[in-house]
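J.: I'm passing along data33.pdb; it holds PDB, C-alpha atoms.
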```pdb
ATOM      1  CA  MET S   1     -20.526 -11.818   6.060
ATOM      2  CA  LYS S   2     -16.889 -12.306   7.033
ATOM      3  CA  LYS S   3     -16.617 -15.368   4.807
ATOM      4  CA  GLU S   4     -18.180 -16.675   1.604
ATOM      5  CA  ARG S   5     -18.101 -19.715  -0.638
ATOM      6  CA  VAL S   6     -16.147 -19.405  -3.876
ATOM      7  CA  GLU S   7     -15.400 -21.686  -6.795
ATOM      8  CA  ILE S   8     -11.731 -22.639  -7.105
ATOM      9  CA  LEU S   9      -9.407 -24.932  -9.017
ATOM     10  CA  LYS S  10      -7.693 -27.317  -6.582
ATOM     11  CA  MET S  11      -4.634 -29.462  -7.280
ATOM     12  CA  VAL S  12      -4.294 -32.773  -5.447
ATOM     13  CA  ASN S  13      -1.577 -35.283  -6.396
ATOM     14  CA  GLY S  14      -0.946 -33.408  -9.638
ATOM     15  CA  LYS S  15      -4.605 -33.457 -10.678
ATOM     16  CA  ILE S  16      -6.693 -30.290 -10.983
ATOM     17  CA  SER S  17     -10.381 -30.335 -10.131
ATOM     18  CA  ARG S  18     -13.061 -27.666  -9.818
ATOM     19  CA  THR S  19     -14.578 -27.358  -6.348
ATOM     20  CA  GLU S  20     -15.881 -24.916  -3.738
ATOM     21  CA  ASP S  21     -13.941 -23.445  -0.854
ATOM     22  CA  VAL S  22     -14.534 -20.973   1.982
ATOM     23  CA  ALA S  23     -12.834 -17.594   1.450
ATOM     24  CA  ALA S  24     -12.480 -14.590   3.729
ATOM     25  CA  THR S  25     -14.623 -11.695   2.559
ATOM     26  CA  GLU S  26     -12.712  -8.560   1.596
ATOM     27  CA  VAL S  27     -14.523  -5.240   1.202
ATOM     28  CA  ARG S  28     -13.047  -1.915   0.122
ATOM     29  CA  PHE S  29     -14.391   1.253   1.754
ATOM     30  CA  GLU S  30     -13.740   4.945   1.275
ATOM     31  CA  VAL S  31     -13.376   6.524   4.714
ATOM     32  CA  LYS S  32     -14.462  10.164   4.920
ATOM     33  CA  THR S  33     -13.827  12.556   7.815
ATOM     34  CA  TRP S  34     -14.066  16.293   8.445
ATOM     35  CA  GLY S  35     -11.725  18.621   6.620
ATOM     36  CA  ARG S  36      -9.410  15.872   5.457
ATOM     37  CA  GLU S  37      -8.894  13.964   2.272
ATOM     38  CA  SER S  38     -10.707  10.656   2.205
ATOM     39  CA  PHE S  39      -8.773   7.409   2.089
ATOM     40  CA  TRP S  40      -9.483   3.815   1.150
ATOM     41  CA  ILE S  41      -9.165   0.674   3.233
ATOM     42  CA  SER S  42      -9.660  -3.007   2.402
ATOM     43  CA  CYS S  43     -10.828  -5.058   5.340
ATOM     44  CA  THR S  44     -12.964  -7.810   6.776
ATOM     45  CA  PRO S  45     -16.369  -6.070   7.004
ATOM     46  CA  GLU S  46     -16.940  -6.481  10.747
ATOM     47  CA  ASN S  47     -16.273  -4.278  13.784
ATOM     48  CA  LEU S  48     -15.920  -1.285  11.501
ATOM     49  CA  GLU S  49     -16.463   1.297  14.237
ATOM     50  CA  GLU S  50     -13.539  -0.109  16.218
ATOM     51  CA  LEU S  51     -11.447  -0.205  13.037
ATOM     52  CA  VAL S  52     -12.099   3.451  12.207
ATOM     53  CA  ILE S  53     -11.512   4.653  15.783
ATOM     54  CA  GLY S  54      -8.231   2.760  15.988
ATOM     55  CA  LEU S  55      -7.135   3.888  12.538
ATOM     56  CA  LEU S  56      -7.857   7.577  13.184
ATOM     57  CA  PHE S  57      -6.141   7.354  16.580
ATOM     58  CA  SER S  58      -3.070   5.759  15.023
ATOM     59  CA  ASN S  59      -2.990   8.473  12.352
ATOM     60  CA  GLY S  60      -3.169  11.241  14.966
ATOM     61  CA  CYS S  61      -6.645  12.445  13.953
ATOM     62  CA  ILE S  62      -8.188  11.804  17.387
ATOM     63  CA  ASP S  63      -6.791  11.241  20.858
ATOM     64  CA  CYS S  64      -9.726   9.435  22.470
ATOM     65  CA  ALA S  65     -12.848   7.501  21.511
ATOM     66  CA  GLU S  66     -15.091  10.288  22.821
ATOM     67  CA  GLN S  67     -14.050  12.492  19.886
ATOM     68  CA  MET S  68     -15.907  10.102  17.580
ATOM     69  CA  GLU S  69     -19.615  10.978  17.590
ATOM     70  CA  ARG S  70     -20.636   8.139  15.317
ATOM     71  CA  VAL S  71     -19.559   5.937  12.436
ATOM     72  CA  GLU S  72     -21.930   5.601   9.487
ATOM     73  CA  VAL S  73     -21.371   2.644   7.150
ATOM     74  CA  SER S  74     -22.879   2.347   3.672
ATOM     75  CA  PHE S  75     -22.207  -1.016   2.075
ATOM     76  CA  GLU S  76     -24.161   0.102  -1.000
ATOM     77  CA  LYS S  77     -21.842   3.081  -1.598
ATOM     78  CA  SER S  78     -18.742   1.419  -0.113
ATOM     79  CA  GLU S  79     -18.356   4.401   2.217
ATOM     80  CA  ILE S  80     -17.670   4.927   5.906
ATOM     81  CA  HIS S  81     -18.379   8.377   7.329
ATOM     82  CA  ALA S  82     -16.495   9.133  10.522
ATOM     83  CA  VAL S  83     -18.475  11.891  12.224
ATOM     84  CA  LEU S  84     -16.155  13.600  14.688
ATOM     85  CA  GLY S  85     -16.878  15.985  17.515
ATOM     86  CA  GLU S  86     -15.002  19.148  18.361
ATOM     87  CA  LYS S  87     -11.759  19.368  16.451
ATOM     88  CA  ARG S  88      -8.745  19.874  18.661
ATOM     89  CA  SER S  89      -5.034  19.265  18.674
ATOM     90  CA  VAL S  90      -3.927  15.794  19.588
ATOM     91  CA  LYS S  91      -2.649  15.486  23.152
ATOM     92  CA  ARG S  92      -1.796  11.970  24.098
ATOM     93  CA  ALA S  93      -1.861  10.956  27.743
ATOM     94  CA  ALA S  94       1.310  11.530  29.694
ATOM     95  CA  GLU S  95       3.630   8.562  29.878
ATOM     96  CA  LYS S  96       3.013   6.228  32.795
ATOM     97  CA  SER S  97       5.201   3.561  34.255
ATOM     98  CA  CYS S  98       4.957   0.467  32.076
ATOM     99  CA  ALA S  99       3.849  -2.932  33.200
ATOM    100  CA  THR S 100       6.590  -5.249  34.446
ATOM    101  CA  LEU S 101       5.939  -8.700  33.100
ATOM    102  CA  ASP S 102       7.247 -12.055  34.201
ATOM    103  CA  THR S 103       8.868 -13.751  31.195
ATOM    104  CA  ALA S 104       7.578 -17.214  32.055
ATOM    105  CA  GLU S 105       4.037 -15.899  32.452
ATOM    106  CA  LEU S 106       4.299 -14.001  29.166
ATOM    107  CA  ILE S 107       5.403 -17.142  27.325
ATOM    108  CA  LYS S 108       2.583 -19.118  28.930
ATOM    109  CA  ARG S 109       0.034 -16.515  27.822
ATOM    110  CA  ALA S 110       1.468 -16.458  24.317
ATOM    111  CA  GLU S 111       1.197 -20.235  24.021
ATOM    112  CA  GLU S 112      -2.419 -20.107  25.176
ATOM    113  CA  ILE S 113      -3.401 -17.306  22.813
ATOM    114  CA  PHE S 114      -1.522 -18.563  19.755
ATOM    115  CA  GLY S 115      -2.694 -22.110  20.424
ATOM    116  CA  GLN S 116      -6.280 -21.114  19.708
ATOM    117  CA  GLN S 117      -6.913 -20.458  16.034
ATOM    118  CA  GLY S 118      -9.371 -17.716  15.232
ATOM    119  CA  GLU S 119     -12.610 -18.793  13.587
ATOM    120  CA  LEU S 120     -11.936 -16.961  10.331
ATOM    121  CA  PHE S 121      -8.398 -18.309  10.011
ATOM    122  CA  ALA S 122      -9.516 -21.840  10.875
ATOM    123  CA  GLU S 123     -12.116 -21.792   8.086
ATOM    124  CA  THR S 124     -10.235 -19.837   5.425
ATOM    125  CA  GLY S 125      -6.532 -19.837   6.285
ATOM    126  CA  CYS S 126      -6.587 -16.161   5.353
ATOM    127  CA  ALA S 127      -6.765 -13.927   8.426
ATOM    128  CA  HIS S 128      -4.590 -12.301  11.051
ATOM    129  CA  CYS S 129      -5.520 -12.187  14.715
ATOM    130  CA  CYS S 130      -4.611  -9.514  17.237
ATOM    131  CA  THR S 131      -5.266  -9.760  20.979
ATOM    132  CA  MET S 132      -4.720  -7.225  23.742
ATOM    133  CA  MET S 133      -4.114  -8.191  27.348
ATOM    134  CA  ALA S 134      -3.986  -5.641  30.171
ATOM    135  CA  GLU S 135      -3.615  -6.220  33.887
ATOM    136  CA  ASP S 136      -3.662  -9.988  33.315
ATOM    137  CA  LYS S 137      -7.003  -9.934  31.499
ATOM    138  CA  ILE S 138      -7.896 -10.253  27.821
ATOM    139  CA  VAL S 139      -9.280  -6.877  26.730
ATOM    140  CA  CYS S 140     -10.359  -7.929  23.232
ATOM    141  CA  SER S 141      -9.369 -10.007  20.231
ATOM    142  CA  TYR S 142     -10.138  -9.422  16.548
ATOM    143  CA  GLU S 143      -9.427 -11.049  13.203
ATOM    144  CA  ASP S 144      -9.052  -9.361   9.849
ATOM    145  CA  ILE S 145      -7.536 -10.058   6.447
ATOM    146  CA  GLY S 146      -5.009  -7.321   7.260
ATOM    147  CA  ARG S 147      -2.666  -7.389  10.260
ATOM    148  CA  HIS S 148      -2.843  -3.590  10.575
ATOM    149  CA  ASN S 149      -6.635  -3.735  10.482
ATOM    150  CA  ALA S 150      -6.720  -6.317  13.270
ATOM    151  CA  LEU S 151      -4.439  -4.101  15.375
ATOM    152  CA  ASP S 152      -6.531  -0.995  14.679
ATOM    153  CA  LYS S 153      -9.696  -2.848  15.712
ATOM    154  CA  VAL S 154      -8.070  -3.882  18.996
ATOM    155  CA  ILE S 155      -6.833  -0.339  19.667
ATOM    156  CA  GLY S 156     -10.254   1.097  18.801
ATOM    157  CA  ARG S 157     -12.055  -1.268  21.154
ATOM    158  CA  ALA S 158      -9.548  -0.646  23.938
ATOM    159  CA  LEU S 159     -10.011   3.121  23.546
ATOM    160  CA  LYS S 160     -13.772   2.692  23.927
ATOM    161  CA  GLN S 161     -13.140   0.703  27.117
ATOM    162  CA  LYS S 162     -10.646   3.317  28.400
ATOM    163  CA  THR S 163      -7.932   0.701  28.722
ATOM    164  CA  ASP S 164      -4.634   1.824  30.236
ATOM    165  CA  PHE S 165      -2.280   1.211  27.320
ATOM    166  CA  SER S 166       0.782   1.517  29.553
ATOM    167  CA  GLN S 167      -0.246  -1.800  31.123
ATOM    168  CA  ALA S 168      -1.091  -3.543  27.848
ATOM    169  CA  VAL S 169       0.468  -6.318  25.781
ATOM    170  CA  ILE S 170      -0.295  -6.976  22.115
ATOM    171  CA  PHE S 171      -0.252 -10.569  20.843
ATOM    172  CA  THR S 172      -0.302 -10.716  17.056
ATOM    173  CA  THR S 173      -0.022 -13.370  14.379
ATOM    174  CA  GLY S 174       1.393 -10.807  11.951
ATOM    175  CA  ARG S 175       5.012  -9.924  11.253
ATOM    176  CA  ILE S 176       6.443  -6.963  13.137
ATOM    177  CA  SER S 177       7.494  -4.386  10.567
ATOM    178  CA  GLY S 178       8.658  -0.868  11.319
ATOM    179  CA  ASP S 179       5.297   0.755  10.558
ATOM    180  CA  TYR S 180       3.484  -1.838  12.661
ATOM    181  CA  LEU S 181       5.781  -1.284  15.619
ATOM    182  CA  ARG S 182       5.529   2.511  15.325
ATOM    183  CA  LYS S 183       1.766   2.211  15.599
ATOM    184  CA  ILE S 184       2.090   0.216  18.830
ATOM    185  CA  ILE S 185       4.687   2.573  20.284
ATOM    186  CA  GLY S 186       2.586   5.589  19.288
ATOM    187  CA  ALA S 187      -0.343   4.189  21.240
ATOM    188  CA  GLY S 188       1.864   3.901  24.337
ATOM    189  CA  ILE S 189       1.756   0.095  24.422
ATOM    190  CA  PRO S 190       5.075  -1.195  25.849
ATOM    191  CA  TRP S 191       4.902  -4.885  24.892
ATOM    192  CA  VAL S 192       4.239  -6.810  21.685
ATOM    193  CA  VAL S 193       4.556 -10.554  21.112
ATOM    194  CA  SER S 194       4.345 -12.160  17.673
ATOM    195  CA  ARG S 195       4.606 -15.684  16.381
ATOM    196  CA  SER S 196       5.869 -14.306  13.050
ATOM    197  CA  ALA S 197       9.109 -12.689  11.965
ATOM    198  CA  VAL S 198      10.358  -9.140  12.441
ATOM    199  CA  THR S 199      11.862  -6.947   9.744
ATOM    200  CA  GLY S 200      15.327  -5.425   9.944
ATOM    201  CA  GLU S 201      14.219  -1.778  10.006
TER     202      GLU S 201
END
```
Represent the structure from my file as structure tokens, please.
T.:
Amino acid sequence: MKKERVEILKMVNGKISRTEDVAATEVRFEVKTWGRESFWISCTPENLEELVIGLLFSNGCIDCAEQMERVEVSFEKSEIHAVLGEKRSVKRAAEKSCATLDTAELIKRAEEIFGQQGELFAETGCAHCCTMMAEDKIVCSYEDIGRHNALDKVIGRALKQKTDFSQAVIFTTGRISGDYLRKIIGAGIPWVVSRSAVTGE
């Protein structure tokens, strides 16, 4: 469901022809939680539980995956219900000493990760990929039409696995804007590597 065939007009050598192409699927959902206004997201419709956990964590609504009882998805109604447990104030884990990384090893890892195109990007050219590495192991890797979504999915999965974020590195194909970086810093992740540009914020 993450991709579909669509009819397009394609120009080759100045000539336009009608043909079919593979496009990344984009679905819009209304996310509903307890006692808060609902909000809308547009995303690749896979790994939605990880996406919601990461998104609510990044927004300060939860501080751990255990606060999420379940995620109910209705494609028919375009709704995602995030059923949360006991409501409590957000208390992030105390800061730990961050991982010390060897620059040469980091560059080597980046070349390996960025050298492998994600399946969705390879077929559609329309997806961002985000990968988390911690303690020299790949924790998880996700693609999505949105760079923030891909990051939220990675954070959500890592929370479920109780990953130590102070030892983590994010590798992303997306640009590093101020809001993107604040999300990484807020999670307590000390390192981020991108093959794209940064903004001047």
J.: Carefully work through the PyMOL selection byres ((chain S and resi 45-56) around 10) for this structure and note down the residues it includes, as a ChimeraX atom specification.
T.: /S:1-3,24-29,31,33,41-44,57-68,70-73,75,80-82,142-145,148-160,183,187
J.: On this structure, which residues satisfy the PyMOL selection byres ((chain S and resi 194) around 6), written as a list in words?
T.: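 That selection, the PyMOL selection byres ((chain S and resi 194) around 6), comes back as Phe171, Thr172, Thr173, Val193, Arg195 and Ser196 of chain S.
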J.: Convert the current residue selection to file output with C-alpha atoms, as a compact mmCIF listing (two decimals), keeping the file's coordinate frame.
T.:
```txt
# COMPACT_ATOMS: atom_id res chain seq x y z
CA PHE S 171 -0.25 -10.57 20.84
CA THR S 172 -0.30 -10.72 17.06
CA THR S 173 -0.02 -13.37 14.38
CA VAL S 193 4.56 -10.55 21.11
CA ARG S 195 4.61 -15.68 16.38
CA SER S 196 5.87 -14.31 13.05
```
J.: Rounded to one decimal, what separation in Å do you get between atom CA of Asp164 of chain S and atom CA of Glu105 of chain S?
T.: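 Those two atoms sit 19.9 Å apart.
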J.: Provide the atom CA of Gly186 of chain S to atom CA of Met133 of chain S distance in Å, to one decimal place.
T.: 17.3 Å
J.: Ranking S:Ile8, S:Val83, S:Ala110, S:Cys98 by minimum distance to Thr131 of chain S and counting all atoms listed in the file, which one comes first?
T.: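 Closest to Thr131 of chain S of all the choices is S:Ala110.
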J.: What gap, in Å, lies between atom CA of Ile170 of chain S and atom CA of Glu123 of chain S?
T.: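 Value for the atom CA of Ile170 of chain S-atom CA of Glu123 of chain S distance: 23.6 Å.
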J.: For Asp136 of chain S, which residue among S:Leu181, S:Ala104, S:Val169, S:Leu9 is the nearest when counting all atoms listed in the file?
T.: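 Smallest separation from Asp136 of chain S among the options: S:Val169.
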J.: Kindly indicate which residue among S:Glu30, S:Ile176, S:Ser38, S:Lys15 lies nearest to Ser74 of chain S, using all atoms listed in the file for the distances.
T.: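 Distance minimum relative to Ser74 of chain S lands on S:Glu30.
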J.: Could you list the residues chosen by the PyMOL selection byres ((chain S and resi 135) around 12) in this structure as a PyMOL selection string?
T.: chain S and resi 98-101+132-134+136-139+163-169
J.: Taking into account all atoms listed in the file, which residue in the set S:Leu84, S:Ser177, S:Lys10, S:Cys129 is nearest to Lys32 of chain S?
T.: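 Between S:Leu84, S:Ser177, S:Lys10, S:Cys129, the residue approaching Lys32 of chain S most closely is S:Leu84.
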